[in-house]
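File shown: coords.cif. Contents: mmCIF, C-alpha atoms and all ligand atoms.
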```cif
data_query
loop_
_atom_site.label_atom_id
_atom_site.label_comp_id
_atom_site.auth_asym_id
_atom_site.auth_seq_id
_atom_site.Cartn_x
_atom_site.Cartn_y
_atom_site.Cartn_z
CA MET A 6 0.00 0.00 0.00
CA THR A 7 1.34 3.47 -0.86
CA GLU A 8 1.64 6.25 1.76
CA ALA A 9 -1.17 8.14 0.03
CA MET A 10 -3.52 5.17 0.44
CA LYS A 11 -2.88 4.71 4.15
CA GLY A 12 -5.71 5.88 6.38
CA LYS A 13 -8.23 5.92 3.54
CA LYS A 14 -11.51 4.24 4.28
CA ASN A 15 -11.94 0.88 2.56
CA SER A 16 -8.41 1.13 1.14
CA ILE A 17 -8.00 -2.62 1.61
CA LEU A 18 -9.79 -2.93 -1.74
CA LEU A 19 -6.94 -1.01 -3.37
CA GLU A 20 -4.27 -3.33 -1.98
CA SER A 21 -2.27 -5.17 -4.57
CA THR A 22 -1.31 -8.80 -4.20
CA GLU A 23 0.85 -11.26 -6.09
CA ILE A 24 0.12 -14.85 -7.01
CA LYS A 25 2.83 -16.88 -8.74
CA GLY A 26 4.49 -13.67 -9.89
CA TYR A 27 1.27 -12.25 -11.40
CA VAL A 28 0.51 -8.85 -9.92
CA PHE A 29 -3.11 -8.08 -9.08
CA SER A 30 -3.26 -4.32 -8.67
CA ASN A 31 -6.43 -4.28 -6.53
CA ARG A 32 -9.06 -6.64 -5.11
CA TYR A 33 -11.67 -6.29 -7.86
CA VAL A 34 -12.38 -8.94 -10.47
CA CYS A 35 -14.57 -8.80 -13.56
CA ALA A 36 -16.65 -11.97 -13.09
CA PRO A 37 -17.27 -14.14 -16.14
CA PHE A 38 -20.61 -13.32 -17.80
CA ASP A 39 -21.53 -14.40 -21.30
CA ILE A 40 -22.63 -11.65 -23.64
CA ALA A 41 -22.97 -13.86 -26.73
CA LYS A 42 -21.10 -11.64 -29.16
CA ALA A 43 -18.69 -14.08 -30.80
CA GLU A 44 -19.18 -15.19 -34.42
CA ASN A 45 -21.70 -18.01 -34.81
CA ASN A 46 -18.73 -20.38 -35.07
CA GLY A 47 -17.21 -19.17 -31.76
CA ILE A 48 -14.46 -16.92 -33.15
CA ILE A 49 -13.73 -13.63 -31.33
CA THR A 50 -15.25 -10.51 -32.95
CA GLU A 51 -14.08 -6.87 -32.99
CA GLU A 52 -17.15 -6.06 -30.89
CA LEU A 53 -15.97 -8.43 -28.14
CA LEU A 54 -12.48 -6.88 -28.23
CA THR A 55 -13.97 -3.40 -27.82
CA ILE A 56 -16.21 -4.45 -24.93
CA TYR A 57 -13.45 -6.27 -23.03
CA GLY A 58 -11.09 -3.35 -23.67
CA SER A 59 -13.57 -0.99 -22.01
CA ARG A 60 -13.77 -2.98 -18.75
CA VAL A 61 -11.13 -0.91 -17.01
CA GLY A 62 -10.55 -1.09 -13.25
CA PRO A 63 -10.56 -4.74 -12.12
CA SER A 64 -7.12 -6.30 -11.61
CA LEU A 65 -8.34 -9.58 -13.06
CA ILE A 66 -10.66 -10.22 -15.99
CA ILE A 67 -12.23 -13.66 -16.16
CA VAL A 68 -13.53 -13.96 -19.69
CA GLU A 69 -17.03 -15.45 -20.03
CA GLN A 70 -17.63 -19.18 -20.44
CA ALA A 71 -16.10 -20.53 -23.64
CA ALA A 72 -17.28 -23.88 -24.95
CA VAL A 73 -14.76 -26.74 -24.99
CA ALA A 74 -16.89 -28.81 -27.39
CA LYS A 75 -19.82 -28.25 -29.74
CA ALA A 76 -22.13 -30.53 -27.72
CA GLY A 77 -21.47 -28.33 -24.68
CA GLN A 78 -22.74 -25.06 -26.17
CA TYR A 79 -25.22 -23.38 -23.84
CA ARG A 80 -26.39 -20.48 -25.95
CA GLU A 81 -25.89 -18.66 -29.25
CA ARG A 82 -22.67 -16.86 -30.22
CA LEU A 83 -20.53 -18.15 -27.35
CA ILE A 84 -16.76 -18.06 -27.59
CA PHE A 85 -15.28 -21.46 -28.53
CA THR A 86 -11.97 -23.04 -27.54
CA ASP A 87 -12.55 -26.39 -29.22
CA ARG A 88 -10.13 -26.05 -32.16
CA ASP A 89 -6.86 -24.37 -33.10
CA GLU A 90 -8.66 -22.00 -35.48
CA CYS A 91 -9.93 -20.17 -32.35
CA ILE A 92 -6.45 -19.29 -31.05
CA ASN A 93 -5.81 -16.24 -33.23
CA GLY A 94 -8.90 -14.39 -31.92
CA LEU A 95 -8.19 -15.45 -28.34
CA GLU A 96 -4.71 -13.97 -28.70
CA LYS A 97 -6.21 -10.59 -29.65
CA LEU A 98 -8.49 -10.79 -26.61
CA ALA A 99 -5.60 -11.57 -24.25
CA ASN A 100 -3.69 -8.60 -25.72
CA VAL A 101 -6.60 -6.21 -25.15
CA ILE A 102 -6.81 -7.23 -21.49
CA HIS A 103 -3.04 -6.99 -21.00
CA GLN A 104 -3.03 -3.50 -22.53
CA ASN A 105 -5.17 -2.44 -19.54
CA ASN A 106 -2.59 -4.00 -17.16
CA GLN A 107 -5.04 -6.69 -16.09
CA VAL A 108 -4.46 -10.37 -15.44
CA ALA A 109 -6.24 -12.35 -18.18
CA VAL A 110 -8.03 -15.60 -17.38
CA MET A 111 -10.51 -17.45 -19.58
CA GLN A 112 -13.34 -19.60 -18.27
CA ILE A 113 -13.94 -22.89 -20.09
CA ASN A 114 -17.17 -24.86 -19.96
CA HIS A 115 -19.30 -27.76 -21.12
CA ALA A 116 -23.02 -27.21 -20.62
CA GLY A 117 -24.06 -30.90 -20.42
CA SER A 118 -27.86 -31.14 -20.19
CA ALA A 119 -28.11 -27.33 -20.30
CA ALA A 120 -26.82 -27.33 -23.90
CA ASP A 121 -29.06 -25.84 -26.57
CA ILE A 122 -29.55 -28.73 -29.00
CA SER A 123 -31.22 -26.44 -31.54
CA LEU A 124 -27.78 -24.82 -31.89
CA THR A 125 -25.51 -27.83 -31.46
CA GLY A 126 -27.53 -30.22 -33.61
CA LEU A 127 -26.26 -32.90 -31.24
CA GLU A 128 -27.85 -34.97 -28.52
CA ALA A 129 -27.49 -33.42 -25.07
CA VAL A 130 -25.24 -35.44 -22.74
CA ALA A 131 -25.02 -35.54 -18.96
CA PRO A 132 -23.88 -37.79 -16.11
CA SER A 133 -27.32 -39.44 -16.19
CA ALA A 134 -30.54 -39.27 -18.20
CA VAL A 135 -32.11 -36.63 -15.95
CA ILE A 136 -33.81 -33.49 -17.24
CA HIS A 137 -31.95 -30.40 -16.03
CA PRO A 138 -33.82 -29.33 -12.85
CA THR A 139 -33.72 -25.59 -13.50
CA VAL A 140 -33.03 -25.00 -17.21
CA LYS A 141 -35.36 -27.88 -18.23
CA ARG A 142 -34.14 -28.42 -21.78
CA SER A 143 -34.13 -31.78 -23.65
CA MET A 144 -33.70 -35.16 -21.94
CA PRO A 145 -29.94 -35.86 -22.04
CA ARG A 146 -28.24 -39.19 -22.71
CA ALA A 147 -25.95 -40.58 -19.99
CA LEU A 148 -22.30 -40.35 -21.00
CA THR A 149 -20.25 -43.52 -21.41
CA VAL A 150 -16.92 -43.71 -19.53
CA LEU A 151 -15.11 -43.34 -22.86
CA GLU A 152 -17.05 -40.14 -23.59
CA ILE A 153 -16.24 -38.83 -20.11
CA LYS A 154 -12.54 -39.31 -20.90
CA GLU A 155 -13.07 -37.42 -24.19
CA ILE A 156 -14.64 -34.50 -22.33
CA LYS A 157 -11.72 -34.44 -19.90
CA GLU A 158 -9.36 -34.30 -22.90
CA ALA A 159 -11.48 -31.50 -24.45
CA PHE A 160 -10.98 -29.39 -21.29
CA ILE A 161 -7.23 -30.08 -21.37
CA GLN A 162 -6.91 -29.16 -25.05
CA ALA A 163 -9.02 -26.02 -24.52
CA ALA A 164 -6.75 -24.96 -21.63
CA LEU A 165 -3.69 -25.47 -23.82
CA ARG A 166 -5.21 -23.24 -26.53
CA VAL A 167 -5.98 -20.56 -23.95
CA LYS A 168 -2.35 -20.73 -22.84
CA GLU A 169 -1.03 -20.64 -26.40
CA ALA A 170 -3.15 -17.52 -27.01
CA GLY A 171 -1.20 -15.71 -24.27
CA PHE A 172 -3.69 -15.77 -21.39
CA ASP A 173 -2.27 -15.91 -17.85
CA GLY A 174 -4.64 -18.60 -16.70
CA VAL A 175 -7.75 -20.67 -17.19
CA GLU A 176 -10.83 -21.20 -15.03
CA ILE A 177 -12.76 -24.50 -15.03
CA HIS A 178 -16.51 -23.78 -14.84
CA ASN A 179 -18.04 -26.02 -12.18
CA CYS A 180 -21.18 -24.14 -11.21
CA HIS A 181 -24.57 -22.77 -12.28
CA GLY A 182 -25.93 -26.10 -13.40
CA PHE A 183 -23.45 -26.87 -16.19
CA LEU A 184 -21.91 -30.29 -16.85
CA LEU A 185 -19.39 -30.45 -14.01
CA SER A 186 -21.94 -29.27 -11.45
CA GLN A 187 -24.31 -31.92 -12.86
CA PHE A 188 -21.63 -34.49 -11.97
CA LEU A 189 -21.26 -33.10 -8.44
CA SER A 190 -24.96 -33.00 -7.66
CA PRO A 191 -26.78 -36.12 -6.40
CA LEU A 192 -29.91 -34.72 -8.11
CA THR A 193 -28.44 -35.04 -11.60
CA ASN A 194 -25.77 -37.72 -11.10
CA LYS A 195 -27.41 -41.14 -10.67
CA ARG A 196 -24.45 -43.16 -11.95
CA SER A 197 -23.38 -46.39 -10.30
CA ASP A 198 -19.83 -46.49 -11.73
CA GLU A 199 -16.68 -44.66 -10.54
CA TYR A 200 -18.18 -41.27 -11.57
CA GLY A 201 -21.30 -41.52 -9.41
CA GLY A 202 -22.45 -42.27 -5.88
CA SER A 203 -19.98 -41.06 -3.22
CA LEU A 204 -18.66 -37.50 -3.16
CA ASP A 205 -15.26 -38.89 -4.18
CA ASN A 206 -16.85 -40.40 -7.27
CA ARG A 207 -19.01 -37.39 -8.11
CA SER A 208 -15.98 -35.09 -7.91
CA ARG A 209 -13.72 -37.50 -9.82
CA LEU A 210 -14.17 -35.88 -13.25
CA LEU A 211 -13.49 -32.37 -11.90
CA LEU A 212 -10.34 -33.57 -10.12
CA GLU A 213 -9.18 -35.50 -13.19
CA ILE A 214 -9.64 -32.38 -15.32
CA VAL A 215 -7.79 -30.19 -12.81
CA LYS A 216 -4.85 -32.61 -12.59
CA GLY A 217 -4.81 -33.14 -16.37
CA VAL A 218 -4.88 -29.40 -17.08
CA ARG A 219 -2.15 -28.69 -14.54
CA LYS A 220 0.10 -31.37 -16.04
CA ALA A 221 -0.49 -29.97 -19.54
CA VAL A 222 -0.12 -26.24 -18.84
CA GLY A 223 2.68 -26.43 -16.24
CA GLU A 224 3.11 -24.81 -12.84
CA GLU A 225 3.44 -21.17 -13.95
CA PHE A 226 0.02 -20.90 -15.59
CA LEU A 227 -2.81 -19.84 -13.25
CA LEU A 228 -5.43 -22.52 -12.68
CA LEU A 229 -8.77 -21.47 -11.19
CA VAL A 230 -11.96 -23.40 -10.51
CA ARG A 231 -15.33 -21.71 -10.17
CA LEU A 232 -16.95 -24.10 -7.76
CA GLY A 233 -20.68 -24.31 -7.09
CA LEU A 234 -20.49 -24.95 -3.38
CA ASP A 235 -24.18 -25.48 -2.68
CA ASP A 236 -27.11 -26.42 -4.97
CA PHE A 237 -29.66 -24.67 -2.73
CA LEU A 238 -32.04 -27.49 -3.73
CA SER A 239 -33.38 -30.22 -1.49
CA GLY A 240 -31.40 -33.44 -2.02
CA GLY A 241 -28.68 -31.57 -3.92
CA MET A 242 -25.05 -30.69 -3.25
CA THR A 243 -24.56 -29.15 0.21
CA ALA A 244 -22.07 -26.51 1.32
CA GLU A 245 -20.49 -29.11 3.65
CA ASP A 246 -19.73 -31.37 0.67
CA GLY A 247 -18.71 -28.34 -1.38
CA CYS A 248 -16.09 -27.42 1.23
CA LEU A 249 -14.62 -30.93 1.04
CA VAL A 250 -14.35 -30.56 -2.74
CA ALA A 251 -12.67 -27.17 -2.22
CA GLU A 252 -10.05 -28.87 -0.01
CA LYS A 253 -9.42 -31.50 -2.68
CA LEU A 254 -9.04 -28.80 -5.34
CA GLN A 255 -6.42 -27.05 -3.24
CA GLU A 256 -4.56 -30.36 -2.77
CA ALA A 257 -4.73 -30.90 -6.53
CA GLY A 258 -2.86 -27.63 -7.04
CA ILE A 259 -5.33 -24.96 -8.14
CA ASP A 260 -4.13 -21.39 -7.52
CA ILE A 261 -7.39 -19.54 -6.84
CA LEU A 262 -10.83 -20.76 -5.77
CA ASP A 263 -13.77 -18.87 -7.25
CA ILE A 264 -17.00 -19.59 -5.36
CA SER A 265 -20.58 -19.56 -6.58
CA THR A 266 -23.72 -21.73 -6.54
CA GLY A 267 -24.17 -25.27 -7.90
CA LEU A 268 -27.25 -26.25 -9.91
CA MET A 269 -29.08 -23.01 -9.12
CA SER A 270 -28.10 -19.64 -10.53
CA PRO A 271 -26.93 -17.17 -7.84
CA LEU A 272 -29.27 -14.61 -9.41
CA SER A 273 -32.28 -16.33 -7.85
CA LEU A 274 -31.04 -15.43 -4.35
CA PRO A 275 -31.74 -12.09 -2.63
CA GLY A 276 -28.90 -9.56 -2.40
CA PRO A 277 -26.87 -7.71 -1.32
CA ALA A 278 -23.91 -10.04 -0.73
CA MET A 279 -26.14 -13.10 -1.14
CA LEU A 280 -23.22 -15.54 -1.07
CA ARG A 281 -21.43 -14.05 1.94
CA GLU A 282 -22.14 -16.98 4.28
CA LEU A 283 -21.12 -19.45 1.60
CA LEU A 284 -17.86 -17.61 0.98
CA LYS A 285 -17.01 -17.59 4.67
CA LYS A 286 -17.51 -21.34 4.82
CA ALA A 287 -15.32 -22.01 1.78
CA LYS A 288 -12.56 -19.65 2.89
CA ALA A 289 -12.29 -21.46 6.24
CA HIS A 290 -11.40 -24.67 4.38
CA VAL A 291 -8.58 -23.43 2.15
CA THR A 292 -5.46 -21.29 2.31
CA ILE A 293 -5.39 -20.32 -1.38
CA PRO A 294 -7.02 -17.00 -2.39
CA VAL A 295 -10.81 -17.00 -2.80
CA ILE A 296 -12.94 -14.94 -5.21
CA GLY A 297 -16.55 -14.20 -4.35
CA ALA A 298 -19.41 -12.59 -6.27
CA GLY A 299 -23.11 -11.89 -5.72
CA ALA A 300 -24.30 -8.28 -5.55
CA LEU A 301 -21.09 -6.98 -3.97
CA GLU A 302 -21.15 -3.43 -5.36
CA ASN A 303 -21.45 -1.85 -1.90
CA ILE A 304 -17.90 -0.73 -1.07
CA GLU A 305 -18.38 -0.91 2.72
CA ILE A 306 -19.64 -4.50 2.59
CA ALA A 307 -16.91 -5.53 0.15
CA ALA A 308 -14.15 -3.97 2.26
CA ASP A 309 -15.56 -5.54 5.43
CA MET A 310 -15.51 -8.97 3.79
CA VAL A 311 -11.89 -8.61 2.65
CA GLU A 312 -10.88 -7.09 6.01
CA LYS A 313 -12.41 -10.03 7.88
CA GLU A 314 -10.67 -12.45 5.52
CA GLU A 315 -13.95 -13.93 4.34
CA VAL A 316 -12.76 -13.51 0.76
CA ASP A 317 -9.67 -12.18 -1.06
CA PHE A 318 -11.20 -10.80 -4.26
CA ILE A 319 -14.55 -9.15 -4.98
CA ALA A 320 -16.07 -10.08 -8.35
CA LEU A 321 -18.77 -8.05 -10.09
CA ALA A 322 -20.81 -9.01 -13.15
CA ARG A 323 -24.09 -7.16 -13.79
CA LYS A 324 -22.75 -3.74 -12.80
CA ILE A 325 -19.86 -4.10 -15.27
CA MET A 326 -22.26 -5.40 -17.92
CA LYS A 327 -24.29 -2.16 -17.61
CA GLN A 328 -21.29 0.11 -17.21
CA PRO A 329 -17.95 -1.31 -18.40
CA ASN A 330 -15.80 1.16 -16.39
CA TYR A 331 -17.88 0.69 -13.20
CA VAL A 332 -14.91 -0.60 -11.17
CA GLU A 333 -12.66 2.27 -12.25
CA GLU A 334 -15.25 4.63 -10.76
CA LEU A 335 -15.45 2.55 -7.56
CA LEU A 336 -11.66 2.73 -7.20
CA GLU A 337 -11.77 6.51 -7.67
CA THR A 338 -14.48 6.80 -5.02
CA ILE A 339 -12.39 4.78 -2.56
CA ASN A 340 -9.31 6.81 -3.45
CA THR A 341 -10.97 10.15 -2.80
CA LYS A 342 -12.63 9.29 0.54
CA VAL A 343 -10.62 9.70 3.74
C1 LIG B 1 -25.98 -12.41 -18.31
C2 LIG B 1 -25.14 -13.18 -17.33
C3 LIG B 1 -24.27 -14.13 -17.83
C4 LIG B 1 -23.48 -14.89 -16.95
N1 LIG B 1 -22.56 -15.78 -17.45
C5 LIG B 1 -21.73 -16.43 -16.61
C6 LIG B 1 -20.69 -17.24 -17.13
O1 LIG B 1 -20.46 -17.34 -18.34
N2 LIG B 1 -19.93 -17.90 -16.23
C7 LIG B 1 -20.11 -17.79 -14.88
O2 LIG B 1 -19.40 -18.42 -14.12
N3 LIG B 1 -21.06 -16.97 -14.37
C8 LIG B 1 -21.86 -16.27 -15.20
N4 LIG B 1 -22.76 -15.40 -14.68
C9 LIG B 1 -22.82 -15.18 -13.21
C10 LIG B 1 -21.93 -14.01 -12.81
O3 LIG B 1 -20.57 -14.28 -12.99
C11 LIG B 1 -22.11 -13.64 -11.32
O4 LIG B 1 -21.74 -14.73 -10.52
C12 LIG B 1 -23.54 -13.23 -10.98
O5 LIG B 1 -24.08 -12.36 -11.96
C13 LIG B 1 -23.59 -12.53 -9.60
O6 LIG B 1 -22.75 -11.40 -9.59
P1 LIG B 1 -23.36 -9.88 -9.76
O7 LIG B 1 -24.34 -9.72 -8.65
O8 LIG B 1 -22.18 -8.98 -9.61
O9 LIG B 1 -24.02 -9.81 -11.10
C14 LIG B 1 -23.57 -14.66 -15.54
C15 LIG B 1 -24.45 -13.68 -15.06
C16 LIG B 1 -25.22 -12.94 -15.93
C17 LIG B 1 -26.14 -11.89 -15.39
#
```

Represent the supplied structure as structure tokens.
Amino acid sequence: MTEAMKGKKNSILLESTEIKGYVFSNRYVCAPFDIAKAENNGIITEELLTIYGSRVGPSLIIVEQAAVAKAGQYRERLIFTDRDECINGLEKLANVIHQNNQVAVMQINHAGSAADISLTGLEAVAPSAVIHPTVKRSMPRALTVLEIKEIKEAFIQAALRVKEAGFDGVEIHNCHGFLLSQFLSPLTNKRSDEYGGSLDNRSRLLLEIVKGVRKAVGEEFLLLVRLGLDDFLSGGMTAEDGCLVAEKLQEAGIDILDISTGLMSPLSLPGPAMLRELLKKAKAHVTIPVIGAGALENIEIAADMVEKEEVDFIALARKIMKQPNYVEELLETINTKV
């Protein structure tokens, strides 16, 4: 902290921190939120470059979910990471973020039973043949073990492309009802093989992906998981189980834990700071830095949470979607108040 910052109210949010040599100039993160502005084939557009370039302020930008495979496409015009042809555009995106002195991370995802089959033209797949409890799209087909291994490989290859494009890290999407949260949840995972049943089995694919990605990208590349800690649905994943998964992720070598909800979207919960209790629980189980989101635009609340070590980074989505330089203004407000 500089001399000028000392004594300023809420200045903890301006504190820089370093992880594996990457400098995070403050405690704000641009959360991943899909804006569906890629080409229909998943290639980065000029429009996307302009929008990401205007998101000044956060020290870390986590780029919206990018599909690792066609069958895992959730909605129209998502970014894709499923083939080498995508790398050139991703490189331009990483450059735009770096020009703003921000750490650049890309989120990668497979939608599972939440995929839009009218776009993919492919059968939806999932851990088990269970209709998605919240999105309620088509009845998926249960994946074979061979197909599960192919999906793991798709995540690894996607991470390698993100690295080749010049990003600083990759985030595995394991929340909001997409494929990996479908594996974690007893409501959507009814398998009786090594990928279903016990928590160890339900978290096996996530852990295999994390270990496979780490081995492929090396130790210097940042590896994040956005973990849905709690399904907030009766009979679903509980925060207690989520915390055990968080511990395993730390053991497996992830660098930052990003916390959100499991099968349910966080947007269905009342704010402000709707995930505060969840974040506290997760943070108590790990020593690696934790990112939290969920209506955290109030500076006092955000600073209190960081001060009390309930979370290390504050992520914002909808505010930045409405106003791309929202965090820059927040930082100025903090900077001018004594
Ligand atoms: C339109 C929209 C798209 C979103 N897309 C993603 C996404 O791609 N990946 C993800 O992890 N979360 C996604 N989210 C959730 C946000 O990252 C965030 O967790 C949520 O909006 C709560 O934060 P907020 O109150 O600051 O908006 C999305 C949210 C919105 C509103």

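Between Ile40 (chain A) and the candidates A:Ala74, A:Glu96, A:Pro277, A:Met326, the tightest atom-to-atom separation, counting only C-alpha atoms, involves A:Met326.
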
Nearest residue to ligand LIG 1 (chain B) out of A:Thr22, A:Gln112, A:Thr139, A:Asn46, using all atoms listed in the file? A:Gln112

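Between ligand LIG 1 (chain B) and the candidates A:Asp235, A:Glu81, A:Glu302, A:Glu314, the tightest atom-to-atom separation, counting all atoms listed in the file, involves A:Glu302.
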
Residue list as JSON, numbers by chain for point (-8.6, -30.2, -2.7), cut-off 12 Å, all atoms listed in the file: {"A": [205, 208, 209, 211, 212, 213, 215, 216, 230, 232, 246, 247, 248, 249, 250, 251, 252, 253, 254, 255, 256, 257, 258, 259, 260, 261, 262, 287, 290, 291, 292, 293]}

Mind checking which residues fall within 8 Å of region 184-200 of chain A, counting all atoms listed in the file, ignoring those fewer than 2 positions away in the same chain, and posting them as a count of residues only? 33

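The interatomic distance for the pair CA of Lys324 (chain A) and CA of Ile177 (chain A) works out to 23.1 Å.
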
Non-local contacts of Lys25 (chain A) (9 Å; all atoms listed in the file; under 5 positions in same chain excluded) as a PyMOL selection string: chain A and resi 224-227+260

Is it possible to get the axis-aligned box enclosing region 294-307 of chain A (all listed atoms, 3 Å extra per side) as lines of an AutoDock Vina configuration file, with centre and edge lengths in Å rounded to one decimal?
```
center_x = -15.7
center_y = -8.9
center_z = -1.8
size_x = 23.3
size_y = 22.3
size_z = 15.0
```
